[in-house]
Structure formats: structure tokens, C-alpha cells
file my_file.pdb (PDB, C-alpha atoms, pLDDT in the B column)
ATOM      1  CA  MET E 862      -8.797  -2.693  23.893  1.00 43.00           C
ATOM      2  CA  ASN E 863     -10.609  -1.637  20.740  1.00 66.00           C
ATOM      3  CA  GLY E 864      -9.490  -3.401  17.601  1.00 93.00           C
ATOM      4  CA  VAL E 865      -8.040  -1.902  14.456  1.00 98.00           C
ATOM      5  CA  SER E 866      -8.936  -2.785  10.886  1.00 98.00           C
ATOM      6  CA  GLY E 867      -6.124  -2.507   8.360  1.00 98.00           C
ATOM      7  CA  ILE E 868      -6.955  -1.163   4.890  1.00 97.00           C
ATOM      8  CA  VAL E 869      -4.373  -1.700   2.160  1.00 96.00           C
ATOM      9  CA  LEU E 870      -5.042   0.815  -0.610  1.00 95.00           C
ATOM     10  CA  ALA E 871      -4.490  -0.918  -3.961  1.00 91.00           C
ATOM     11  CA  GLY E 872      -7.284   0.742  -5.922  1.00 75.00           C
ATOM     12  CA  GLY E 873      -5.293   3.099  -8.146  1.00 65.00           C
ATOM     13  CA  GLN E 874      -4.565   2.937 -11.842  1.00 56.00           C
ATOM     14  CA  GLY E 875      -0.758   2.965 -11.609  1.00 49.00           C
ATOM     15  CA  ARG E 876      -0.491   5.744 -14.195  1.00 53.00           C
ATOM     16  CA  ARG E 877       3.095   6.651 -13.292  1.00 52.00           C
ATOM     17  CA  MET E 878       4.071   3.006 -13.760  1.00 44.00           C
ATOM     18  CA  GLY E 879       2.549   2.749 -17.228  1.00 54.00           C
ATOM     19  CA  GLY E 880      -0.952   1.746 -16.164  1.00 60.00           C
ATOM     20  CA  VAL E 881      -0.001  -1.504 -14.427  1.00 67.00           C
ATOM     21  CA  ASP E 882      -1.453  -2.595 -11.093  1.00 79.00           C
ATOM     22  CA  LYS E 883       1.358  -1.457  -8.778  1.00 81.00           C
ATOM     23  CA  GLY E 884       0.501  -3.752  -5.896  1.00 88.00           C
ATOM     24  CA  LEU E 885       0.992  -6.817  -8.084  1.00 90.00           C
ATOM     25  CA  GLN E 886       4.419  -5.764  -9.415  1.00 85.00           C
ATOM     26  CA  ALA E 887       7.245  -7.967  -8.165  1.00 85.00           C
ATOM     27  CA  LEU E 888       9.785  -6.605  -5.704  1.00 85.00           C
ATOM     28  CA  ARG E 889      12.523  -9.010  -4.607  1.00 85.00           C
ATOM     29  CA  GLY E 890      10.519 -12.005  -5.784  1.00 90.00           C
ATOM     30  CA  LYS E 891       7.033 -11.210  -4.492  1.00 92.00           C
ATOM     31  CA  PRO E 892       4.272  -8.686  -5.240  1.00 92.00           C
ATOM     32  CA  MET E 893       4.652  -5.306  -3.516  1.00 91.00           C
ATOM     33  CA  VAL E 894       1.277  -5.743  -1.818  1.00 95.00           C
ATOM     34  CA  ALA E 895       2.578  -8.950  -0.191  1.00 96.00           C
ATOM     35  CA  TRP E 896       5.321  -6.946   1.547  1.00 94.00           C
ATOM     36  CA  ALA E 897       2.776  -4.398   2.816  1.00 94.00           C
ATOM     37  CA  LEU E 898       0.407  -7.150   4.014  1.00 97.00           C
ATOM     38  CA  GLU E 899       3.238  -8.982   5.777  1.00 96.00           C
ATOM     39  CA  ARG E 900       4.253  -5.864   7.706  1.00 96.00           C
ATOM     40  CA  LEU E 901       0.707  -4.702   8.504  1.00 97.00           C
ATOM     41  CA  ALA E 902      -0.945  -8.013   9.483  1.00 97.00           C
ATOM     42  CA  PRO E 903       0.703  -8.364  12.938  1.00 97.00           C
ATOM     43  CA  GLN E 904      -0.400  -4.810  13.817  1.00 97.00           C
ATOM     44  CA  VAL E 905      -4.161  -5.200  13.215  1.00 98.00           C
ATOM     45  CA  GLU E 906      -7.083  -7.511  13.979  1.00 97.00           C
ATOM     46  CA  GLU E 907      -8.470  -7.511  10.421  1.00 97.00           C
ATOM     47  CA  ILE E 908      -7.180  -6.720   6.941  1.00 98.00           C
ATOM     48  CA  LEU E 909      -9.163  -5.424   3.989  1.00 98.00           C
ATOM     49  CA  VAL E 910      -7.654  -4.831   0.561  1.00 97.00           C
ATOM     50  CA  ASN E 911      -9.172  -1.981  -1.449  1.00 95.00           C
ATOM     51  CA  ALA E 912      -8.750  -2.848  -5.138  1.00 94.00           C
ATOM     52  CA  ASN E 913     -10.637  -1.926  -8.315  1.00 91.00           C
ATOM     53  CA  GLN E 914      -8.999  -4.302 -10.765  1.00 91.00           C
ATOM     54  CA  ASN E 915      -7.477  -7.799 -10.572  1.00 93.00           C
ATOM     55  CA  LEU E 916      -9.784  -8.600  -7.656  1.00 94.00           C
ATOM     56  CA  GLU E 917      -9.130 -12.352  -7.959  1.00 95.00           C
ATOM     57  CA  ALA E 918      -5.362 -11.821  -7.760  1.00 95.00           C
ATOM     58  CA  TYR E 919      -5.738  -9.760  -4.579  1.00 96.00           C
ATOM     59  CA  ALA E 920      -8.178 -12.288  -3.073  1.00 96.00           C
ATOM     60  CA  LYS E 921      -5.456 -14.959  -3.338  1.00 96.00           C
ATOM     61  CA  PHE E 922      -3.645 -13.263  -0.451  1.00 96.00           C
ATOM     62  CA  GLY E 923      -6.453 -14.510   1.803  1.00 97.00           C
ATOM     63  CA  TYR E 924      -8.018 -11.205   2.818  1.00 97.00           C
ATOM     64  CA  ARG E 925     -11.361  -9.640   1.948  1.00 97.00           C
ATOM     65  CA  VAL E 926     -11.168  -7.422  -1.153  1.00 97.00           C
ATOM     66  CA  VAL E 927     -13.409  -4.338  -1.232  1.00 96.00           C
ATOM     67  CA  PRO E 928     -13.715  -2.216  -4.389  1.00 94.00           C
ATOM     68  CA  ASP E 929     -14.598   1.485  -4.355  1.00 92.00           C
ATOM     69  CA  ALA E 930     -18.314   2.239  -4.099  1.00 89.00           C
ATOM     70  CA  ILE E 931     -17.586   5.447  -6.033  1.00 83.00           C
ATOM     71  CA  GLY E 932     -16.715   4.811  -9.677  1.00 74.00           C
ATOM     72  CA  GLY E 933     -13.944   6.242 -11.815  1.00 69.00           C
ATOM     73  CA  PHE E 934     -10.844   5.538  -9.689  1.00 63.00           C
ATOM     74  CA  ALA E 935     -11.707   8.399  -7.312  1.00 69.00           C
ATOM     75  CA  GLY E 936      -8.488   8.135  -5.326  1.00 82.00           C
ATOM     76  CA  PRO E 937      -7.423   7.167  -1.814  1.00 89.00           C
ATOM     77  CA  LEU E 938     -10.468   8.743  -0.150  1.00 93.00           C
ATOM     78  CA  ALA E 939     -12.739   6.430  -2.151  1.00 92.00           C
ATOM     79  CA  GLY E 940     -10.577   3.534  -0.956  1.00 93.00           C
ATOM     80  CA  LEU E 941     -10.828   4.748   2.628  1.00 95.00           C
ATOM     81  CA  HIS E 942     -14.610   5.029   2.213  1.00 96.00           C
ATOM     82  CA  ALA E 943     -14.838   1.429   0.924  1.00 96.00           C
ATOM     83  CA  GLY E 944     -12.586   0.192   3.719  1.00 97.00           C
ATOM     84  CA  LEU E 945     -14.405   2.024   6.510  1.00 97.00           C
ATOM     85  CA  THR E 946     -17.742   0.761   5.173  1.00 97.00           C
ATOM     86  CA  ALA E 947     -16.488  -2.840   5.371  1.00 97.00           C
ATOM     87  CA  ALA E 948     -14.413  -2.510   8.563  1.00 97.00           C
ATOM     88  CA  SER E 949     -15.562  -4.293  11.686  1.00 97.00           C
ATOM     89  CA  HIS E 950     -13.494  -2.301  14.203  1.00 97.00           C
ATOM     90  CA  PRO E 951     -13.852   1.280  15.541  1.00 97.00           C
ATOM     91  CA  LEU E 952     -10.419   2.287  14.245  1.00 98.00           C
ATOM     92  CA  ALA E 953      -8.876   1.716  10.816  1.00 98.00           C
ATOM     93  CA  VAL E 954      -5.355   2.246   9.559  1.00 98.00           C
ATOM     94  CA  THR E 955      -4.598   2.835   5.885  1.00 97.00           C
ATOM     95  CA  VAL E 956      -1.395   1.978   4.052  1.00 96.00           C
ATOM     96  CA  PRO E 957      -0.651   2.051   0.320  1.00 93.00           C
ATOM     97  CA  CYS E 958       0.161  -1.162  -1.549  1.00 91.00           C
ATOM     98  CA  ASP E 959       3.306   0.397  -3.019  1.00 88.00           C
ATOM     99  CA  SER E 960       5.109   1.053   0.288  1.00 88.00           C
ATOM    100  CA  PRO E 961       6.718  -2.294   1.091  1.00 88.00           C
ATOM    101  CA  PHE E 962       8.867  -0.927   3.932  1.00 90.00           C
ATOM    102  CA  LEU E 963       6.105   0.488   6.165  1.00 93.00           C
ATOM    103  CA  PRO E 964       6.980   0.719   9.889  1.00 95.00           C
ATOM    104  CA  LEU E 965       6.378  -2.339  12.053  1.00 96.00           C
ATOM    105  CA  ASP E 966       5.221   0.023  14.829  1.00 96.00           C
ATOM    106  CA  LEU E 967       3.000   2.214  12.632  1.00 97.00           C
ATOM    107  CA  VAL E 968      -0.303   1.366  14.325  1.00 98.00           C
ATOM    108  CA  ALA E 969       1.069   1.551  17.876  1.00 97.00           C
ATOM    109  CA  ARG E 970       2.587   4.989  17.353  1.00 97.00           C
ATOM    110  CA  LEU E 971      -0.430   6.428  15.521  1.00 98.00           C
ATOM    111  CA  ARG E 972      -2.793   5.011  18.137  1.00 97.00           C
ATOM    112  CA  GLU E 973      -0.758   6.451  21.010  1.00 97.00           C
ATOM    113  CA  SER E 974      -1.132   9.936  19.500  1.00 97.00           C
ATOM    114  CA  LEU E 975      -4.758   9.679  18.316  1.00 97.00           C
ATOM    115  CA  GLN E 976      -6.317  10.523  21.714  1.00 95.00           C
ATOM    116  CA  ALA E 977      -9.431  12.710  21.116  1.00 95.00           C
ATOM    117  CA  ASN E 978      -8.621  13.392  17.456  1.00 97.00           C
ATOM    118  CA  ASP E 979     -10.489  11.999  14.450  1.00 97.00           C
ATOM    119  CA  LEU E 980      -7.341  11.013  12.640  1.00 97.00           C
ATOM    120  CA  ALA E 981      -3.609  10.508  13.231  1.00 98.00           C
ATOM    121  CA  VAL E 982      -1.329  10.803  10.211  1.00 96.00           C
ATOM    122  CA  ALA E 983       2.339   9.842   9.869  1.00 96.00           C
ATOM    123  CA  LYS E 984       4.834  12.623   9.149  1.00 95.00           C
ATOM    124  CA  THR E 985       8.545  12.776   8.356  1.00 94.00           C
ATOM    125  CA  GLY E 986      10.227  16.158   8.532  1.00 92.00           C
ATOM    126  CA  GLU E 987       7.726  18.655   7.107  1.00 92.00           C
ATOM    127  CA  GLN E 988       6.085  16.008   4.911  1.00 92.00           C
ATOM    128  CA  ALA E 989       2.783  14.471   6.035  1.00 93.00           C
ATOM    129  CA  HIS E 990       1.960  11.045   4.569  1.00 92.00           C
ATOM    130  CA  PRO E 991      -1.843  11.115   4.372  1.00 91.00           C
ATOM    131  CA  VAL E 992      -2.230   7.546   3.115  1.00 92.00           C
ATOM    132  CA  PHE E 993      -0.532   6.314   6.313  1.00 95.00           C
ATOM    133  CA  SER E 994      -3.204   7.222   8.821  1.00 96.00           C
ATOM    134  CA  LEU E 995      -5.274   5.895  11.694  1.00 98.00           C
ATOM    135  CA  VAL E 996      -8.869   7.061  11.504  1.00 97.00           C
ATOM    136  CA  ARG E 997     -11.986   6.627  13.577  1.00 97.00           C
ATOM    137  CA  ARG E 998     -14.684   4.670  11.760  1.00 97.00           C
ATOM    138  CA  SER E 999     -17.163   7.243  13.103  1.00 97.00           C
ATOM    139  CA  VAL E1000     -16.007   9.733  10.412  1.00 97.00           C
ATOM    140  CA  LEU E1001     -17.542   7.548   7.675  1.00 97.00           C
ATOM    141  CA  GLY E1002     -20.705   9.673   7.307  1.00 96.00           C
ATOM    142  CA  HIS E1003     -18.654  12.853   7.090  1.00 96.00           C
ATOM    143  CA  LEU E1004     -16.385  11.262   4.454  1.00 96.00           C
ATOM    144  CA  ALA E1005     -19.390  10.048   2.436  1.00 94.00           C
ATOM    145  CA  GLU E1006     -20.792  13.613   2.382  1.00 94.00           C
ATOM    146  CA  PHE E1007     -17.421  15.033   1.301  1.00 94.00           C
ATOM    147  CA  LEU E1008     -17.166  12.508  -1.545  1.00 93.00           C
ATOM    148  CA  SER E1009     -20.778  12.943  -2.676  1.00 91.00           C
ATOM    149  CA  SER E1010     -20.198  16.702  -2.921  1.00 91.00           C
ATOM    150  CA  GLY E1011     -17.344  16.009  -5.367  1.00 90.00           C
ATOM    151  CA  GLY E1012     -14.458  16.252  -2.894  1.00 90.00           C
ATOM    152  CA  ARG E1013     -11.441  14.133  -3.813  1.00 88.00           C
ATOM    153  CA  LYS E1014      -8.421  15.878  -2.256  1.00 90.00           C
ATOM    154  CA  ILE E1015      -7.292  14.142   0.894  1.00 88.00           C
ATOM    155  CA  ASP E1016      -5.799  17.362   2.331  1.00 87.00           C
ATOM    156  CA  ALA E1017      -9.098  19.226   1.875  1.00 90.00           C
ATOM    157  CA  TRP E1018     -10.941  16.491   3.756  1.00 94.00           C
ATOM    158  CA  TYR E1019      -8.346  16.385   6.560  1.00 90.00           C
ATOM    159  CA  ALA E1020      -8.729  20.145   6.988  1.00 90.00           C
ATOM    160  CA  THR E1021     -12.324  19.570   8.190  1.00 93.00           C
ATOM    161  CA  LEU E1022     -11.283  17.108  10.922  1.00 96.00           C
ATOM    162  CA  LYS E1023      -9.336  17.079  14.181  1.00 97.00           C
ATOM    163  CA  VAL E1024      -6.000  15.715  12.980  1.00 97.00           C
ATOM    164  CA  VAL E1025      -2.737  15.032  14.777  1.00 97.00           C
ATOM    165  CA  GLU E1026       0.492  14.550  12.838  1.00 97.00           C
ATOM    166  CA  VAL E1027       2.783  11.904  14.310  1.00 97.00           C
ATOM    167  CA  PRO E1028       6.544  12.231  13.681  1.00 96.00           C
ATOM    168  CA  PHE E1029       8.334   9.212  12.229  1.00 96.00           C
ATOM    169  CA  ASP E1030      11.640  10.944  11.466  1.00 92.00           C
ATOM    170  CA  ASP E1031      13.481   7.916  12.852  1.00 93.00           C
ATOM    171  CA  GLU E1032      11.881   5.753  10.144  1.00 89.00           C
ATOM    172  CA  ALA E1033      11.722   8.164   7.179  1.00 78.00           C
ATOM    173  CA  ASP E1034      12.682   5.494   4.631  1.00 83.00           C
ATOM    174  CA  ALA E1035       9.747   3.346   5.717  1.00 85.00           C
ATOM    175  CA  PHE E1036       7.379   5.711   3.908  1.00 84.00           C
ATOM    176  CA  ARG E1037       9.118   5.495   0.568  1.00 77.00           C
ATOM    177  CA  ASN E1038       6.635   4.446  -2.040  1.00 69.00           C
ATOM    178  CA  ILE E1039       7.366   2.987  -5.425  1.00 64.00           C
ATOM    179  CA  ASN E1040       5.571   4.825  -8.230  1.00 60.00           C
ATOM    180  CA  THR E1041       7.657   4.169 -11.327  1.00 56.00           C
ATOM    181  CA  ARG E1042       9.399   1.200 -12.918  1.00 60.00           C
ATOM    182  CA  GLU E1043      12.718   2.961 -12.224  1.00 66.00           C
ATOM    183  CA  GLU E1044      11.920   3.215  -8.485  1.00 62.00           C
ATOM    184  CA  LEU E1045      10.886  -0.438  -8.491  1.00 55.00           C
ATOM    185  CA  LYS E1046      14.204  -1.438 -10.062  1.00 65.00           C
ATOM    186  CA  ASP E1047      16.125   0.676  -7.523  1.00 66.00           C
ATOM    187  CA  ALA E1048      14.293  -0.907  -4.579  1.00 58.00           C
TER     188      ALA E1048
END
call {"tool": "encode", "arguments": {"input": "my_file.pdb", "output": "C-alpha cells"}}
result
Amino acid sequence: MNGVSGIVLAGGQGRRMGGVDKGLQALRGKPMVAWALERLAPQVEEILVNANQNLEAYAKFGYRVVPDAIGGFAGPLAGLHAGLTAASHPLAVTVPCDSPFLPLDLVARLRESLQANDLAVAKTGEQAHPVFSLVRRSVLGHLAEFLSSGGRKIDAWYATLKVVEVPFDDEADAFRNINTREELKDA
């Protein structure tokens, strides 16, 4: 069975949380990224953390840290690009560092639905969750071209691929992400 690389996206600026590194903010006594890593690790053969600041702090979790190759905090696609470039498996799953409740069966369910598609993305109700996706490493060249032409919108990139949306309505709360200090306090 082909392996899966896990890419934890922690490369953002945390603007909605006052410019702090969201993944390193404490939730119930440990950094949010630690919760995401704990839930993702049993589902994959390898973990990479995409981060653009506090690289030493992320490295302490024991996984390889890969910064964006594209400067200027270019968003989740730049993180996916960095992760796919470093990944050693034909498939990669992405999860954000600020979603500590991600499903324990995320990879299995996305993989089951991937079939001949380029990408499988989690969905609850009518809402797709593009940063929770399983993607073929073979799309790396296509992604690099999209980024080099100035593309940054994840939806615009997805529109050029064969994508399947995978319902997770039974686990809708698992995709809750924590963007503000208020949401962090509530969690």
C-alpha cells in the first residue's frame, strides 16, 4: 500500500489572533499544533510541519520543518507546495495547525474516495474544507506553475483539478478551527 505524508500547515501569520503564531498557542495545556500532530501521526507514515516563523519551536516536536519556498506568507498553497516538495510518499494529506479536533479517520476516508482523482477534500454540509485534503504528489508541477503565475486562491487551483468532495457530516465539529483569542478561550 502506498504511503501517505502528513503536512501540518503552520505557516500563516495569525492575523486574526493578533499576529501570534497560532500553532504555538496553548489549548488545554499544550500548543494547538501538538493536538493536530497527535491526531494525525497514527494516520500517516511521515509528518512534515510547514512553518515560516519559530522554526526551532516547531522542530522540538520531532518532525521535519519545511518553510515556504515562495516568500511573503503566500498562504496554504505555498505550504502545500513546500510539503509536497519535501514529501517522500505519493500521497500527502494537509491539515491546519489550528484544528486540534481533526478526525481520527480523516486519511482513511479521504483515501477511500480519492480513486482516480487528483485530490480529495473534506466537506461538511455545503462547506468544503480545502485545507483538509488528500492530494497526489504528482500535482506538484501543476501547483508550482499556478503559484509562479501569481495564483494564491486554493479554490481557483482546485477548479483546475479532478477533485472529489468527501462528506464528514458525522464529524462536523472536527473541522472547527481556532482563529481568534476568543475562539481559543471557548475551546
call {"tool": "atom_distance", "arguments": {"input": "my_file.pdb", "atom1": "CA of Asn978 in chain E", "atom2": "CA of Ala897 in chain E"}}
result
25.7 Å
call {"tool": "atom_distance", "arguments": {"input": "my_file.pdb", "atom1": "CA of Val1000 in chain E", "atom2": "CA of Gly867 in chain E"}}
result
15.9 Å
call {"tool": "closest_residue", "arguments": {"input": "my_file.pdb", "among": "E:Gly890, E:Pro991, E:Gly932, E:Pro937", "to": "Asp1016 in chain E", "atoms": "only C-alpha atoms"}}
result
E:Pro991
call {"tool": "resolve_selection", "arguments": {"input": "my_file.pdb", "expression": "the PyMOL selection byres ((chain E and resi 929) around 9)", "output": "mmCIF file with C-alpha atoms, keeping the file's coordinate frame"}}
result
data_model
loop_
_atom_site.group_PDB
_atom_site.id
_atom_site.type_symbol
_atom_site.label_atom_id
_atom_site.label_comp_id
_atom_site.auth_asym_id
_atom_site.auth_seq_id
_atom_site.Cartn_x
_atom_site.Cartn_y
_atom_site.Cartn_z
ATOM 1 C CA GLY E 872 -7.284 0.742 -5.922
ATOM 2 C CA ASN E 911 -9.172 -1.981 -1.449
ATOM 3 C CA ALA E 912 -8.750 -2.848 -5.138
ATOM 4 C CA ASN E 913 -10.637 -1.926 -8.315
ATOM 5 C CA VAL E 927 -13.409 -4.338 -1.232
ATOM 6 C CA PRO E 928 -13.715 -2.216 -4.389
ATOM 7 C CA ALA E 930 -18.314 2.239 -4.099
ATOM 8 C CA ILE E 931 -17.586 5.447 -6.033
ATOM 9 C CA GLY E 932 -16.715 4.811 -9.677
ATOM 10 C CA GLY E 933 -13.944 6.242 -11.815
ATOM 11 C CA PHE E 934 -10.844 5.538 -9.689
ATOM 12 C CA ALA E 935 -11.707 8.399 -7.312
ATOM 13 C CA ALA E 939 -12.739 6.430 -2.151
ATOM 14 C CA GLY E 940 -10.577 3.534 -0.956
ATOM 15 C CA LEU E 941 -10.828 4.748 2.628
ATOM 16 C CA HIS E 942 -14.610 5.029 2.213
ATOM 17 C CA ALA E 943 -14.838 1.429 0.924
ATOM 18 C CA GLY E 944 -12.586 0.192 3.719
#
call {"tool": "closest_residue", "arguments": {"input": "my_file.pdb", "among": "E:Ala918, E:Leu945, E:Val956, E:Ala887", "to": "Val869 in chain E", "atoms": "all atoms listed in the file"}}
result
E:Val956
call {"tool": "residues_around", "arguments": {"input": "my_file.pdb", "residues": "Ser949 in chain E", "least_positions_apart": "5", "cutoff": "10 Å", "atoms": "all atoms listed in the file", "output": "count of residues only"}}
result
8
call {"tool": "atom_distance", "arguments": {"input": "my_file.pdb", "atom1": "CA of Ser999 in chain E", "atom2": "CA of Leu980 in chain E"}}
result
10.5 Å
call {"tool": "closest_residue", "arguments": {"input": "my_file.pdb", "among": "E:Ala947, E:Leu938, E:Val1027, E:Val910", "to": "Lys1014 in chain E", "atoms": "only C-alpha atoms"}}
result
E:Leu938
call {"tool": "closest_residue", "arguments": {"input": "my_file.pdb", "among": "E:Ala1020, E:Ala953, E:Val968, E:Ala1033", "to": "Lys984 in chain E", "atoms": "all atoms listed in the file"}}
result
E:Ala1033
call {"tool": "resolve_selection", "arguments": {"input": "my_file.pdb", "expression": "the PyMOL selection byres ((chain E and resi 1031) around 12)", "output": "PyMOL selection string"}}
result
chain E and resi 964+966-967+983-986+1027-1030+1032-1036
call {"tool": "residues_near_point", "arguments": {"input": "my_file.pdb", "point": "(-14.5, -11.5, 0.6)", "cutoff": "10 Å", "atoms": "all atoms listed in the file", "output": "ChimeraX atom specification"}}
result
/E:909-910,916,920,923-927
call {"tool": "closest_residue", "arguments": {"input": "my_file.pdb", "among": "E:Gln904, E:Lys921, E:Thr1021, E:Phe993", "to": "Glu1006 in chain E", "atoms": "all atoms listed in the file"}}
result
E:Thr1021
call {"tool": "closest_residue", "arguments": {"input": "my_file.pdb", "among": "E:Phe1007, E:Asp979, E:Val954, E:Glu973", "to": "Leu995 in chain E", "atoms": "all atoms listed in the file"}}
result
E:Val954
call {"tool": "resolve_selection", "arguments": {"input": "my_file.pdb", "expression": "the PyMOL selection byres ((chain E and resi 900) around 8)", "output": "number ranges by chain"}}
result
E: 896-899, 901-904, 961-965
call {"tool": "write_last_selection", "arguments": {"input": "my_file.pdb", "atoms": "C-alpha atoms", "output": "tab-separated table (two decimals), in the coordinates of the input"}}
result
chain	number	residue	atom	x	y	z
E	896	TRP	CA	5.32	-6.95	1.55
E	897	ALA	CA	2.78	-4.40	2.82
E	898	LEU	CA	0.41	-7.15	4.01
E	899	GLU	CA	3.24	-8.98	5.78
E	901	LEU	CA	0.71	-4.70	8.50
E	902	ALA	CA	-0.94	-8.01	9.48
E	903	PRO	CA	0.70	-8.36	12.94
E	904	GLN	CA	-0.40	-4.81	13.82
E	961	PRO	CA	6.72	-2.29	1.09
E	962	PHE	CA	8.87	-0.93	3.93
E	963	LEU	CA	6.10	0.49	6.16
E	964	PRO	CA	6.98	0.72	9.89
E	965	LEU	CA	6.38	-2.34	12.05
call {"tool": "axis_aligned_box", "arguments": {"input": "my_file.pdb", "around": "range 892-896 of chain E", "padding_each_side": "8 Å", "output": "lines of an AutoDock Vina configuration file"}}
result
center_x = 3.3
center_y = -7.1
center_z = -1.8
size_x = 20.0
size_y = 19.6
size_z = 22.8
call {"tool": "decode", "arguments": {"input": "my_file.pdb", "residues": "range 940-1016 of chain E", "atoms": "C-alpha atoms", "output": "short mmCIF file (atom, residue, chain, number, x, y, z; two decimals), in the first residue's frame"}}
result
data_model
loop_
_atom_site.label_atom_id
_atom_site.label_comp_id
_atom_site.auth_asym_id
_atom_site.auth_seq_id
_atom_site.Cartn_x
_atom_site.Cartn_y
_atom_site.Cartn_z
CA GLY E 940 2.59 25.44 2.38
CA LEU E 941 1.25 22.58 0.27
CA HIS E 942 3.97 23.29 -2.32
CA ALA E 943 6.70 23.15 0.37
CA GLY E 944 5.22 19.98 1.83
CA LEU E 945 4.83 18.18 -1.49
CA THR E 946 8.39 19.13 -2.44
CA ALA E 947 9.70 17.54 0.77
CA ALA E 948 7.28 14.59 0.93
CA SER E 949 8.61 11.09 0.39
CA HIS E 950 5.28 9.39 -0.37
CA PRO E 951 2.99 9.50 -3.44
CA LEU E 952 0.07 10.88 -1.43
CA ALA E 953 0.01 13.76 1.06
CA VAL E 954 -2.68 14.92 3.44
CA THR E 955 -2.85 18.50 4.69
CA VAL E 956 -4.30 19.70 7.98
CA PRO E 957 -4.11 23.14 9.60
CA CYS E 958 -2.28 23.63 12.90
CA ASP E 959 -5.30 25.40 14.40
CA SER E 960 -7.75 22.47 14.12
CA PRO E 961 -6.99 20.39 17.21
CA PHE E 962 -10.05 18.15 16.83
CA LEU E 963 -9.37 16.76 13.33
CA PRO E 964 -10.95 13.35 12.59
CA LEU E 965 -9.01 10.24 13.58
CA ASP E 966 -10.24 8.62 10.34
CA LEU E 967 -9.52 11.59 8.07
CA VAL E 968 -6.88 9.90 5.91
CA ALA E 969 -8.76 6.60 5.59
CA ARG E 970 -11.97 8.28 4.44
CA LEU E 971 -10.25 10.68 2.03
CA ARG E 972 -8.15 7.86 0.59
CA GLU E 973 -11.18 5.62 0.08
CA SER E 974 -12.80 8.34 -2.06
CA LEU E 975 -9.69 9.55 -3.93
CA GLN E 976 -9.78 6.80 -6.61
CA ALA E 977 -8.73 8.35 -9.97
CA ASN E 978 -8.99 11.95 -8.75
CA ASP E 979 -6.09 14.32 -8.11
CA LEU E 980 -7.42 15.45 -4.78
CA ALA E 981 -10.00 14.50 -2.14
CA VAL E 982 -11.25 17.28 0.13
CA ALA E 983 -13.29 17.03 3.33
CA LYS E 984 -16.76 18.59 3.34
CA THR E 985 -19.45 19.18 5.96
CA GLY E 986 -22.88 20.18 4.74
CA GLU E 987 -22.31 22.57 1.83
CA GLN E 988 -18.95 23.71 3.21
CA ALA E 989 -15.75 22.28 1.70
CA HIS E 990 -12.66 22.41 3.92
CA PRO E 991 -9.83 22.83 1.40
CA VAL E 992 -7.02 22.69 3.95
CA PHE E 993 -8.17 19.17 4.92
CA SER E 994 -7.29 17.34 1.74
CA LEU E 995 -5.51 14.30 0.36
CA VAL E 996 -3.54 15.11 -2.77
CA ARG E 997 -1.38 13.21 -5.20
CA ARG E 998 2.25 14.32 -5.11
CA SER E 999 2.17 14.17 -8.92
CA VAL E 1000 0.30 17.53 -8.99
CA LEU E 1001 3.40 19.33 -7.68
CA GLY E 1002 4.48 20.64 -11.11
CA HIS E 1003 0.98 21.92 -11.83
CA LEU E 1004 0.86 23.64 -8.42
CA ALA E 1005 4.29 25.22 -8.97
CA GLU E 1006 3.08 26.68 -12.30
CA PHE E 1007 -0.10 28.02 -10.67
CA LEU E 1008 1.91 29.70 -7.90
CA SER E 1009 4.56 31.11 -10.25
CA SER E 1010 1.79 32.71 -12.33
CA GLY E 1011 0.62 34.56 -9.19
CA GLY E 1012 -2.19 32.19 -8.21
CA ARG E 1013 -2.90 32.08 -4.48
CA LYS E 1014 -6.58 31.12 -4.13
CA ILE E 1015 -6.98 27.49 -3.19
CA ASP E 1016 -10.43 27.28 -4.82
#
